[in-house]
Amino acid sequence: MSIWNPAQPISHRNRSLLGAGAVIAVLLLWSLLSGLELVAPNKLPAPWKVANAFAYLAWDAENGRSLLLTATLWSLGRVVAAGLLVICIGIPLGVLMGASPYINATLSPLVDPFRSAPVVALLPIMVMWFGIGEGMKIAFLFLGAVVYLIPMVRDAMQAVPQTYWIATRDLGGTDWECIRKAVLPMAMPRIADAITVAVSVMWTYITVAEYVNAREGLGQLIQNARRFSAMDQVFAGIIVIVALALFTYQGMRWIRARAYSWESGQ
Amino acid sequence: MSEPMNAPANVSIDLRNICQEYPGEAGQPSLRVLDNINLCIDKPSITMLLGPSGCGKSTLLRMMGSVRPLGVPTPSSGEVLINGVPCDGPHDDAVMVFQRYANRPDLSVWDNVAFPFALKLWRERFKRSEWEAMVEEALAAVGLADKKKMLPAQLSGGQNQRVALARALVLRPKILLMDEPFGALDAQTRTETQILLSELHRQHPCAVVFVTHDVSEALLLGDRVVVLSSQPARIADDFEISEPRPRSTAWRRSTEAVRLEERILDKLHGSAQGQVRVTV
């Protein structure tokens, strides 16, 4: 066994042990720092306080409601709505750009710069254009994710070896058939990767989107808790978002592996 | 199979004064790859195009009814006639089998062979029941009938090349263009696939143009061997071999075969004289 070899196989058990160990170590350090009040409780609430806050948010017996469930559903709804828009608009655009250097040359100056642009800085513009309602939040999530998705889909199309286009053309396929029947199906696994990244990006932007005039949602829940200095609730909210993002990510990876199992053999 | 896939096809490929030049890099003069090639193939047979690597064999092959290279007009001058009609791109009668067999990793063996019928051109010419029978027949012909549900990644290199052969033959082409198709196979598989090709050609006589840089392969398969010199490629030799296929090891050791081999090597080496860089 060599430790310094990227290709060294690691057993499932060892991987789980090491991963769980790291999480437990952080929890211990966290408990130590907050339990001994080495860091002030209004800066770092103890893990058990966060757990309490989580329980309260999950089920508020006094008022018979679940703040967390409501907030999660709102945030999830926004991510799904924006995600559908991203997929319906971003994928066709990326596919067209990847399929034709002419379309790519035309559109890439309009798309590529935004990949490295601070999309958050555009929030005030979104507010001016779309107001402070749902439209703005979905438009912001859409913009934040679509600028990643389009270039990734384009790159996925361009990465398909030319042989498949040529072989299809040789068999008498039209240009468009070469794209639709050969290049696009071959690009699908990487397009699925692009969707996964886009959804992850949306989860990172959801809080920003919900900072502005939100009455519901996880971002608003965190913002609200921060306003009342309820740091334990802030932590609980953040953990939920991280968990949701991780869950969707793993779910999409699973679907991709099932749908494009041929790709792993490459 | 009880009967041959097709009657001998009438076909002619006529290359007239073909020259091919590639533009040189900044400031360099343009590079002449093919120099005044005249070649006429007018009967179902196996023609071997033999020449050193990079001499322009593949470029020449692609002119015979397949996809022309991108970015440069092909040919620079000269004329390609297929059945007497000028041809400037993929021809319905011609199918190419590539060096890298271009099987689709996402499609099963059956779907790979049936792929041409996913295209409008062929779907309109055959009824579904017709082309499904053609796919079955082609799979049986290359001996992969029992592997039709598998993915290419589950097959060996030789089996993959047979899938590519089946996909080409399913259309019953009059012209079969083969670009060093067995180059990536190990010696054993290569011999097996060569024998399979001669058998398929016997069942389905068509004009095979087979590019190779392997002298033994040329002698084993060719009804006709066309030797190209290195850059710029000219036809250095052109002869026929009447020995029927499959050709035995005994024949390969015969005086005739050995003399032909010496003749080819002589032409190849002779043509390389004066070249700064030769890769054979």
# chains A, B, ... in the order shown; residues from 1 in each chain; ligands from 1
call {"tool": "interface_residues", "arguments": {"of": "chain B", "to": "chain A", "cutoff": "8 Å", "atoms": "only C-alpha atoms", "output": "list in words"}}
result
Ser66, Val67, Pro90, His91, Asp92, Val95, Met96, Ala102, Arg104, Pro105, Asp106, Pro116, Ala118, Leu119, Lys120, Leu121, Leu151 and Ala153 of chain B
call {"tool": "residues_around", "arguments": {"residues": "Phe210 (chain B)", "least_positions_apart": "4", "cutoff": "10 Å", "atoms": "only C-alpha atoms", "output": "list in words"}}
result
Ile46, Thr47, Met48, Leu49, Leu50, Lys57, Ser58, Leu61, Met96, Val97, Leu176, Leu177, Met178, Asp179, Glu180, Pro181, Glu217, Ala218, Leu221, Gly222 and Val225 of chain B
call {"tool": "closest_atom_pairs", "arguments": {"of": "region 20-118 of chain A", "to": "region 230-254 of chain A", "cutoff": "10 Å", "atoms": "only C-alpha atoms", "output": "CSV"}}
result
residue,atom,partner,partner_atom,distance
A:Pro41,CA,A:Met231,CA,8.2
A:Asn42,CA,A:Met231,CA,6.2
A:Lys43,CA,A:Met231,CA,6.9
A:Leu44,CA,A:Met231,CA,7.2
A:Pro45,CA,A:Asp232,CA,5.5
A:Ala46,CA,A:Asp232,CA,7.7
A:Pro47,CA,A:Asp232,CA,8.3
A:Trp48,CA,A:Asp232,CA,9.0
A:Lys49,CA,A:Asp232,CA,6.0
A:Val50,CA,A:Asp232,CA,4.5
A:Ala51,CA,A:Ala236,CA,7.3
A:Asn52,CA,A:Asp232,CA,8.2
A:Ala53,CA,A:Gln233,CA,5.4
A:Phe54,CA,A:Ala236,CA,5.4
A:Ala55,CA,A:Ala236,CA,9.2
A:Tyr56,CA,A:Gln233,CA,9.0
A:Leu57,CA,A:Gln233,CA,7.8
A:Ala58,CA,A:Ala236,CA,9.9
A:Leu68,CA,A:Gly237,CA,8.1
A:Ala71,CA,A:Gly237,CA,9.5
A:Thr72,CA,A:Ile241,CA,8.4
A:Ser75,CA,A:Ile241,CA,9.3
A:Leu76,CA,A:Leu244,CA,9.0
call {"tool": "select_by_dssp", "arguments": {"residues": "region 32-236 of chain A", "states": "alpha helix (DSSP H)", "output": "number ranges by chain"}}
result
A: 32-35, 47-58, 67-85, 91-99, 101-115, 123-130, 134-158, 162-170, 175-177, 184-211, 218-227, 231-236
call {"tool": "write_last_selection", "arguments": {"atoms": "C-alpha atoms", "output": "short mmCIF file (atom, residue, chain, number, x, y, z; two decimals), in the first residue's frame"}}
result
data_model
loop_
_atom_site.label_atom_id
_atom_site.label_comp_id
_atom_site.auth_asym_id
_atom_site.auth_seq_id
_atom_site.Cartn_x
_atom_site.Cartn_y
_atom_site.Cartn_z
CA LEU A 32 -14.61 21.98 22.74
CA LEU A 33 -14.42 25.54 21.45
CA SER A 34 -18.06 26.34 22.20
CA GLY A 35 -18.48 24.18 25.35
CA PRO A 47 -23.48 21.71 18.41
CA TRP A 48 -26.23 20.70 20.81
CA LYS A 49 -27.70 24.22 20.66
CA VAL A 50 -27.73 23.91 16.88
CA ALA A 51 -29.40 20.52 17.23
CA ASN A 52 -32.03 22.09 19.48
CA ALA A 53 -32.59 24.89 17.01
CA PHE A 54 -32.87 22.35 14.26
CA ALA A 55 -35.51 20.44 16.22
CA TYR A 56 -37.42 23.64 16.86
CA LEU A 57 -37.28 24.65 13.20
CA ALA A 58 -38.26 21.16 12.09
CA LEU A 67 -40.67 26.35 9.63
CA LEU A 68 -37.96 24.26 8.06
CA LEU A 69 -40.28 22.26 5.82
CA THR A 70 -42.03 25.39 4.55
CA ALA A 71 -38.73 27.15 3.92
CA THR A 72 -37.22 24.10 2.22
CA LEU A 73 -40.22 23.67 -0.06
CA TRP A 74 -40.07 27.33 -1.10
CA SER A 75 -36.35 27.18 -1.83
CA LEU A 76 -36.69 23.85 -3.59
CA GLY A 77 -39.53 25.24 -5.70
CA ARG A 78 -37.40 28.19 -6.77
CA VAL A 79 -34.44 25.95 -7.64
CA VAL A 80 -36.69 23.61 -9.61
CA ALA A 81 -38.38 26.47 -11.50
CA ALA A 82 -35.08 28.16 -12.33
CA GLY A 83 -33.52 24.76 -13.08
CA LEU A 84 -36.18 23.93 -15.65
CA LEU A 85 -35.60 27.29 -17.32
CA ILE A 91 -29.02 23.17 -23.21
CA PRO A 92 -30.37 24.01 -26.68
CA LEU A 93 -28.13 27.09 -26.80
CA GLY A 94 -25.06 25.14 -25.70
CA VAL A 95 -25.84 22.32 -28.12
CA LEU A 96 -26.18 24.78 -31.03
CA MET A 97 -22.95 26.53 -30.05
CA GLY A 98 -21.15 23.22 -29.77
CA ALA A 99 -22.60 21.99 -33.04
CA PRO A 101 -18.40 27.05 -34.87
CA TYR A 102 -20.32 29.83 -36.58
CA ILE A 103 -22.99 29.99 -33.87
CA ASN A 104 -20.27 29.61 -31.25
CA ALA A 105 -18.27 32.51 -32.71
CA THR A 106 -21.42 34.63 -32.66
CA LEU A 107 -22.65 33.82 -29.16
CA SER A 108 -19.52 33.07 -27.15
CA PRO A 109 -18.59 36.77 -26.65
CA LEU A 110 -22.06 37.18 -25.13
CA VAL A 111 -21.86 34.13 -22.86
CA ASP A 112 -18.26 33.32 -21.95
CA PRO A 113 -17.38 36.57 -20.11
CA PHE A 114 -20.17 35.91 -17.61
CA ARG A 115 -18.57 32.65 -16.54
CA LEU A 123 -28.49 41.34 -8.25
CA PRO A 124 -29.32 45.08 -8.04
CA ILE A 125 -29.91 45.11 -11.79
CA MET A 126 -32.17 42.09 -11.50
CA VAL A 127 -34.12 43.92 -8.78
CA MET A 128 -34.52 46.95 -11.04
CA TRP A 129 -35.66 44.83 -13.97
CA PHE A 130 -37.76 42.19 -12.31
CA GLU A 134 -40.50 35.72 -7.36
CA GLY A 135 -39.56 36.78 -10.91
CA MET A 136 -36.36 38.41 -9.70
CA LYS A 137 -35.33 35.42 -7.60
CA ILE A 138 -35.86 32.93 -10.38
CA ALA A 139 -34.24 35.20 -12.96
CA PHE A 140 -31.20 35.60 -10.70
CA LEU A 141 -30.86 31.85 -10.10
CA PHE A 142 -31.36 31.25 -13.81
CA LEU A 143 -28.66 33.72 -14.79
CA GLY A 144 -26.22 32.47 -12.19
CA ALA A 145 -26.51 28.87 -13.39
CA VAL A 146 -27.04 29.30 -17.12
CA VAL A 147 -23.71 31.08 -17.63
CA TYR A 148 -22.00 27.93 -16.33
CA LEU A 149 -24.25 25.50 -18.14
CA ILE A 150 -24.04 26.91 -21.68
CA PRO A 151 -20.23 26.79 -22.01
CA MET A 152 -20.11 23.34 -20.39
CA VAL A 153 -22.70 21.96 -22.82
CA ARG A 154 -20.84 23.57 -25.70
CA ASP A 155 -17.58 22.00 -24.52
CA ALA A 156 -19.30 18.61 -24.14
CA MET A 157 -20.37 18.74 -27.79
CA GLN A 158 -16.93 19.82 -28.96
CA GLN A 162 -14.72 13.89 -34.90
CA THR A 163 -14.73 10.23 -35.99
CA TYR A 164 -18.40 9.87 -35.03
CA TRP A 165 -19.44 12.85 -37.12
CA ILE A 166 -17.38 11.67 -40.08
CA ALA A 167 -18.62 8.07 -39.81
CA THR A 168 -22.25 9.24 -39.78
CA ARG A 169 -21.68 11.59 -42.69
CA ASP A 170 -19.98 8.78 -44.58
CA ASP A 175 -25.15 17.49 -41.26
CA TRP A 176 -27.98 17.81 -38.79
CA GLU A 177 -28.38 14.02 -38.50
CA LEU A 184 -25.45 14.80 -29.23
CA PRO A 185 -25.96 11.26 -27.84
CA MET A 186 -22.22 10.98 -27.33
CA ALA A 187 -22.15 14.32 -25.49
CA MET A 188 -25.04 13.42 -23.16
CA PRO A 189 -22.98 12.16 -20.17
CA ARG A 190 -21.03 15.42 -20.05
CA ILE A 191 -24.23 17.41 -20.56
CA ALA A 192 -25.61 15.57 -17.53
CA ASP A 193 -22.47 16.66 -15.65
CA ALA A 194 -23.16 20.23 -16.72
CA ILE A 195 -26.71 20.03 -15.31
CA THR A 196 -25.30 18.72 -12.02
CA VAL A 197 -22.91 21.66 -11.78
CA ALA A 198 -25.68 24.11 -12.69
CA VAL A 199 -27.92 22.75 -9.92
CA SER A 200 -25.06 22.95 -7.41
CA VAL A 201 -24.45 26.56 -8.44
CA MET A 202 -28.13 27.32 -7.87
CA TRP A 203 -27.94 25.97 -4.33
CA THR A 204 -25.03 28.30 -3.62
CA TYR A 205 -26.98 31.29 -5.00
CA ILE A 206 -30.32 30.47 -3.35
CA THR A 207 -29.45 32.29 -0.12
CA VAL A 208 -28.35 35.38 -2.03
CA ALA A 209 -31.54 35.32 -4.07
CA GLU A 210 -33.61 35.03 -0.90
CA TYR A 211 -31.84 37.80 1.00
CA LEU A 218 -34.10 28.89 3.59
CA GLY A 219 -32.17 32.06 2.72
CA GLN A 220 -34.84 34.14 4.39
CA LEU A 221 -34.85 31.79 7.40
CA ILE A 222 -31.12 32.31 7.83
CA GLN A 223 -31.37 36.05 7.25
CA ASN A 224 -34.19 36.32 9.76
CA ALA A 225 -32.34 34.29 12.38
CA ARG A 226 -29.24 36.44 11.91
CA ARG A 227 -31.31 39.57 12.46
CA MET A 231 -26.77 31.94 15.61
CA ASP A 232 -27.91 28.41 16.38
CA GLN A 233 -30.71 28.79 13.83
CA VAL A 234 -28.31 30.32 11.27
CA PHE A 235 -26.11 27.24 11.63
CA ALA A 236 -29.06 24.88 11.39
#
call {"tool": "residues_around", "arguments": {"residues": "Leu220 (chain B)", "least_positions_apart": "4", "cutoff": "12 Å", "atoms": "only C-alpha atoms", "output": "number ranges by chain"}}
result
B: 46-48, 190-195, 197-198, 210, 212, 214-216, 224-225, 241-253, 257-258, 260-261
call {"tool": "atom_distance", "arguments": {"atom1": "CA of Leu81 (chain B)", "atom2": "CA of Arg16 (chain B)"}}
result
8.1 Å
call {"tool": "atom_distance", "arguments": {"atom1": "CA of Val85 (chain B)", "atom2": "CA of Lys174 (chain B)"}}
result
14.7 Å
call {"tool": "atom_distance", "arguments": {"atom1": "CA of Ala257 (chain A)", "atom2": "CA of Ile179 (chain A)"}}
result
23.1 Å
call {"tool": "decode", "arguments": {"residues": "region 92-243 of chain B", "atoms": "C-alpha atoms", "output": "PDB file, in the first residue's frame"}}
result
ATOM      1  CA  ASP B  92     -24.381   6.384 -51.513  1.00  0.00           C
ATOM      2  CA  ASP B  93     -22.606   3.393 -53.074  1.00  0.00           C
ATOM      3  CA  ALA B  94     -19.493   3.760 -50.922  1.00  0.00           C
ATOM      4  CA  VAL B  95     -19.010   2.943 -47.249  1.00  0.00           C
ATOM      5  CA  MET B  96     -15.852   3.434 -45.240  1.00  0.00           C
ATOM      6  CA  VAL B  97     -14.432   1.186 -42.533  1.00  0.00           C
ATOM      7  CA  PHE B  98     -12.186   3.303 -40.389  1.00  0.00           C
ATOM      8  CA  GLN B  99      -8.841   2.642 -38.790  1.00  0.00           C
ATOM      9  CA  ARG B 100     -10.413   3.339 -35.427  1.00  0.00           C
ATOM     10  CA  TYR B 101     -13.611   1.458 -35.970  1.00  0.00           C
ATOM     11  CA  ALA B 102     -15.945   4.253 -34.817  1.00  0.00           C
ATOM     12  CA  ASN B 103     -18.401   1.940 -33.104  1.00  0.00           C
ATOM     13  CA  ARG B 104     -20.765   3.855 -30.893  1.00  0.00           C
ATOM     14  CA  PRO B 105     -20.047   3.000 -27.252  1.00  0.00           C
ATOM     15  CA  ASP B 106     -23.621   3.921 -26.256  1.00  0.00           C
ATOM     16  CA  LEU B 107     -25.287   1.519 -28.694  1.00  0.00           C
ATOM     17  CA  SER B 108     -25.535  -2.249 -28.559  1.00  0.00           C
ATOM     18  CA  VAL B 109     -23.889  -4.341 -31.248  1.00  0.00           C
ATOM     19  CA  TRP B 110     -27.271  -4.710 -32.959  1.00  0.00           C
ATOM     20  CA  ASP B 111     -27.962  -0.964 -32.850  1.00  0.00           C
ATOM     21  CA  ASN B 112     -24.469  -0.235 -34.141  1.00  0.00           C
ATOM     22  CA  VAL B 113     -25.060  -2.394 -37.193  1.00  0.00           C
ATOM     23  CA  ALA B 114     -28.580  -0.966 -37.599  1.00  0.00           C
ATOM     24  CA  PHE B 115     -27.273   2.594 -37.256  1.00  0.00           C
ATOM     25  CA  PRO B 116     -27.410   3.431 -41.002  1.00  0.00           C
ATOM     26  CA  PHE B 117     -31.163   2.863 -40.846  1.00  0.00           C
ATOM     27  CA  ALA B 118     -31.484   5.557 -38.208  1.00  0.00           C
ATOM     28  CA  LEU B 119     -30.639   7.931 -41.054  1.00  0.00           C
ATOM     29  CA  LYS B 120     -33.334   9.263 -43.349  1.00  0.00           C
ATOM     30  CA  LEU B 121     -31.480   8.240 -46.515  1.00  0.00           C
ATOM     31  CA  TRP B 122     -31.645   4.510 -45.743  1.00  0.00           C
ATOM     32  CA  ARG B 123     -34.835   4.471 -43.717  1.00  0.00           C
ATOM     33  CA  GLU B 124     -36.708   5.708 -46.778  1.00  0.00           C
ATOM     34  CA  ARG B 125     -35.269   3.005 -49.010  1.00  0.00           C
ATOM     35  CA  PHE B 126     -36.120  -0.027 -46.906  1.00  0.00           C
ATOM     36  CA  LYS B 127     -39.108  -1.221 -44.961  1.00  0.00           C
ATOM     37  CA  ARG B 128     -38.499  -1.909 -41.306  1.00  0.00           C
ATOM     38  CA  SER B 129     -38.897  -5.663 -41.702  1.00  0.00           C
ATOM     39  CA  GLU B 130     -36.480  -5.544 -44.639  1.00  0.00           C
ATOM     40  CA  TRP B 131     -33.683  -3.727 -42.889  1.00  0.00           C
ATOM     41  CA  GLU B 132     -34.102  -5.701 -39.684  1.00  0.00           C
ATOM     42  CA  ALA B 133     -33.497  -8.844 -41.711  1.00  0.00           C
ATOM     43  CA  MET B 134     -30.459  -7.184 -43.313  1.00  0.00           C
ATOM     44  CA  VAL B 135     -29.026  -6.389 -39.873  1.00  0.00           C
ATOM     45  CA  GLU B 136     -29.503  -9.975 -38.709  1.00  0.00           C
ATOM     46  CA  GLU B 137     -27.884 -11.235 -41.881  1.00  0.00           C
ATOM     47  CA  ALA B 138     -24.865  -8.929 -41.566  1.00  0.00           C
ATOM     48  CA  LEU B 139     -24.394  -9.912 -37.902  1.00  0.00           C
ATOM     49  CA  ALA B 140     -24.539 -13.580 -38.827  1.00  0.00           C
ATOM     50  CA  ALA B 141     -22.070 -13.015 -41.663  1.00  0.00           C
ATOM     51  CA  VAL B 142     -19.420 -11.635 -39.304  1.00  0.00           C
ATOM     52  CA  GLY B 143     -20.235 -14.250 -36.662  1.00  0.00           C
ATOM     53  CA  LEU B 144     -21.636 -11.928 -34.010  1.00  0.00           C
ATOM     54  CA  ALA B 145     -25.263 -13.060 -33.987  1.00  0.00           C
ATOM     55  CA  ASP B 146     -24.909 -14.175 -30.363  1.00  0.00           C
ATOM     56  CA  LYS B 147     -23.360 -10.874 -29.231  1.00  0.00           C
ATOM     57  CA  LYS B 148     -26.002  -8.485 -30.522  1.00  0.00           C
ATOM     58  CA  LYS B 149     -27.142  -7.235 -27.123  1.00  0.00           C
ATOM     59  CA  MET B 150     -23.639  -6.455 -25.892  1.00  0.00           C
ATOM     60  CA  LEU B 151     -21.971  -3.062 -25.834  1.00  0.00           C
ATOM     61  CA  PRO B 152     -18.769  -2.450 -27.811  1.00  0.00           C
ATOM     62  CA  ALA B 153     -16.823  -2.042 -24.559  1.00  0.00           C
ATOM     63  CA  GLN B 154     -17.668  -5.669 -23.736  1.00  0.00           C
ATOM     64  CA  LEU B 155     -16.106  -6.914 -26.974  1.00  0.00           C
ATOM     65  CA  SER B 156     -12.509  -7.477 -28.021  1.00  0.00           C
ATOM     66  CA  GLY B 157     -10.771  -5.329 -30.624  1.00  0.00           C
ATOM     67  CA  GLY B 158     -11.280  -7.955 -33.314  1.00  0.00           C
ATOM     68  CA  GLN B 159     -14.968  -8.295 -32.496  1.00  0.00           C
ATOM     69  CA  ASN B 160     -15.320  -4.526 -32.617  1.00  0.00           C
ATOM     70  CA  GLN B 161     -13.750  -4.442 -36.042  1.00  0.00           C
ATOM     71  CA  ARG B 162     -16.255  -7.095 -37.120  1.00  0.00           C
ATOM     72  CA  VAL B 163     -19.098  -4.909 -35.854  1.00  0.00           C
ATOM     73  CA  ALA B 164     -17.719  -2.095 -38.025  1.00  0.00           C
ATOM     74  CA  LEU B 165     -17.519  -4.488 -40.987  1.00  0.00           C
ATOM     75  CA  ALA B 166     -21.103  -5.601 -40.433  1.00  0.00           C
ATOM     76  CA  ARG B 167     -22.275  -1.983 -40.273  1.00  0.00           C
ATOM     77  CA  ALA B 168     -20.579  -1.305 -43.602  1.00  0.00           C
ATOM     78  CA  LEU B 169     -21.826  -4.498 -45.254  1.00  0.00           C
ATOM     79  CA  VAL B 170     -25.405  -4.141 -44.049  1.00  0.00           C
ATOM     80  CA  LEU B 171     -25.900  -1.512 -46.748  1.00  0.00           C
ATOM     81  CA  ARG B 172     -24.593  -3.932 -49.392  1.00  0.00           C
ATOM     82  CA  PRO B 173     -22.269  -1.254 -50.749  1.00  0.00           C
ATOM     83  CA  LYS B 174     -20.781  -1.413 -54.202  1.00  0.00           C
ATOM     84  CA  ILE B 175     -17.652   0.243 -52.892  1.00  0.00           C
ATOM     85  CA  LEU B 176     -16.056  -0.666 -49.567  1.00  0.00           C
ATOM     86  CA  LEU B 177     -13.297   1.691 -48.484  1.00  0.00           C
ATOM     87  CA  MET B 178     -11.007   0.375 -45.775  1.00  0.00           C
ATOM     88  CA  ASP B 179      -8.479   2.637 -44.090  1.00  0.00           C
ATOM     89  CA  GLU B 180      -5.906   0.378 -42.417  1.00  0.00           C
ATOM     90  CA  PRO B 181      -8.831  -1.340 -40.707  1.00  0.00           C
ATOM     91  CA  PHE B 182      -6.810  -4.064 -39.027  1.00  0.00           C
ATOM     92  CA  GLY B 183      -3.897  -1.874 -37.980  1.00  0.00           C
ATOM     93  CA  ALA B 184      -4.761  -1.934 -34.296  1.00  0.00           C
ATOM     94  CA  LEU B 185      -5.352  -5.697 -34.050  1.00  0.00           C
ATOM     95  CA  ASP B 186      -2.906  -8.257 -32.698  1.00  0.00           C
ATOM     96  CA  ALA B 187      -1.326 -10.610 -35.225  1.00  0.00           C
ATOM     97  CA  GLN B 188      -3.610 -13.577 -34.544  1.00  0.00           C
ATOM     98  CA  THR B 189      -6.856 -11.566 -34.689  1.00  0.00           C
ATOM     99  CA  ARG B 190      -5.567  -9.729 -37.697  1.00  0.00           C
ATOM    100  CA  THR B 191      -5.115 -12.971 -39.656  1.00  0.00           C
ATOM    101  CA  GLU B 192      -8.591 -14.163 -38.633  1.00  0.00           C
ATOM    102  CA  THR B 193     -10.172 -10.891 -39.699  1.00  0.00           C
ATOM    103  CA  GLN B 194      -8.310 -10.941 -43.013  1.00  0.00           C
ATOM    104  CA  ILE B 195      -9.693 -14.428 -43.700  1.00  0.00           C
ATOM    105  CA  LEU B 196     -13.166 -13.220 -42.710  1.00  0.00           C
ATOM    106  CA  LEU B 197     -12.848 -10.299 -45.126  1.00  0.00           C
ATOM    107  CA  SER B 198     -11.933 -12.573 -48.054  1.00  0.00           C
ATOM    108  CA  GLU B 199     -14.873 -14.827 -47.189  1.00  0.00           C
ATOM    109  CA  LEU B 200     -17.265 -11.859 -46.982  1.00  0.00           C
ATOM    110  CA  HIS B 201     -15.935 -10.581 -50.273  1.00  0.00           C
ATOM    111  CA  ARG B 202     -16.588 -13.953 -51.856  1.00  0.00           C
ATOM    112  CA  GLN B 203     -20.196 -13.845 -50.647  1.00  0.00           C
ATOM    113  CA  HIS B 204     -20.641 -10.200 -51.489  1.00  0.00           C
ATOM    114  CA  PRO B 205     -18.340  -9.170 -54.320  1.00  0.00           C
ATOM    115  CA  CYS B 206     -17.829  -5.437 -54.343  1.00  0.00           C
ATOM    116  CA  ALA B 207     -15.010  -3.036 -55.114  1.00  0.00           C
ATOM    117  CA  VAL B 208     -12.874  -3.051 -51.976  1.00  0.00           C
ATOM    118  CA  VAL B 209     -10.161  -0.429 -51.784  1.00  0.00           C
ATOM    119  CA  PHE B 210      -7.930  -1.318 -48.865  1.00  0.00           C
ATOM    120  CA  VAL B 211      -5.257   1.020 -47.576  1.00  0.00           C
ATOM    121  CA  THR B 212      -2.330  -0.567 -45.758  1.00  0.00           C
ATOM    122  CA  HIS B 213       1.347  -0.106 -45.103  1.00  0.00           C
ATOM    123  CA  ASP B 214       1.786  -3.846 -44.505  1.00  0.00           C
ATOM    124  CA  VAL B 215       3.328  -5.678 -47.470  1.00  0.00           C
ATOM    125  CA  SER B 216       2.164  -9.110 -46.228  1.00  0.00           C
ATOM    126  CA  GLU B 217      -1.400  -7.891 -45.901  1.00  0.00           C
ATOM    127  CA  ALA B 218      -1.299  -6.542 -49.452  1.00  0.00           C
ATOM    128  CA  LEU B 219      -0.076  -9.896 -50.781  1.00  0.00           C
ATOM    129  CA  LEU B 220      -2.558 -11.870 -48.721  1.00  0.00           C
ATOM    130  CA  LEU B 221      -5.669  -9.937 -49.744  1.00  0.00           C
ATOM    131  CA  GLY B 222      -5.108  -8.056 -52.972  1.00  0.00           C
ATOM    132  CA  ASP B 223      -6.398  -8.944 -56.430  1.00  0.00           C
ATOM    133  CA  ARG B 224      -4.452  -5.887 -57.357  1.00  0.00           C
ATOM    134  CA  VAL B 225      -1.703  -4.038 -55.518  1.00  0.00           C
ATOM    135  CA  VAL B 226      -1.070  -0.367 -56.143  1.00  0.00           C
ATOM    136  CA  VAL B 227       2.183   0.849 -54.595  1.00  0.00           C
ATOM    137  CA  LEU B 228       2.455   4.525 -53.777  1.00  0.00           C
ATOM    138  CA  SER B 229       5.770   6.289 -53.335  1.00  0.00           C
ATOM    139  CA  SER B 230       6.365   8.633 -50.418  1.00  0.00           C
ATOM    140  CA  GLN B 231       5.755  12.364 -50.615  1.00  0.00           C
ATOM    141  CA  PRO B 232       4.644  13.459 -53.029  1.00  0.00           C
ATOM    142  CA  ALA B 233       2.903  10.147 -53.635  1.00  0.00           C
ATOM    143  CA  ARG B 234       2.920   8.816 -57.170  1.00  0.00           C
ATOM    144  CA  ILE B 235       1.918   5.393 -58.373  1.00  0.00           C
ATOM    145  CA  ALA B 236       5.206   3.499 -58.196  1.00  0.00           C
ATOM    146  CA  ASP B 237       3.835   0.110 -59.169  1.00  0.00           C
ATOM    147  CA  ASP B 238       0.540  -1.521 -60.040  1.00  0.00           C
ATOM    148  CA  PHE B 239       0.140  -5.267 -60.560  1.00  0.00           C
ATOM    149  CA  GLU B 240      -2.382  -8.065 -60.232  1.00  0.00           C
ATOM    150  CA  ILE B 241      -2.213 -11.285 -58.236  1.00  0.00           C
ATOM    151  CA  SER B 242      -4.217 -14.144 -59.699  1.00  0.00           C
ATOM    152  CA  GLU B 243      -3.779 -16.577 -56.790  1.00  0.00           C
TER     153      GLU B 243
END
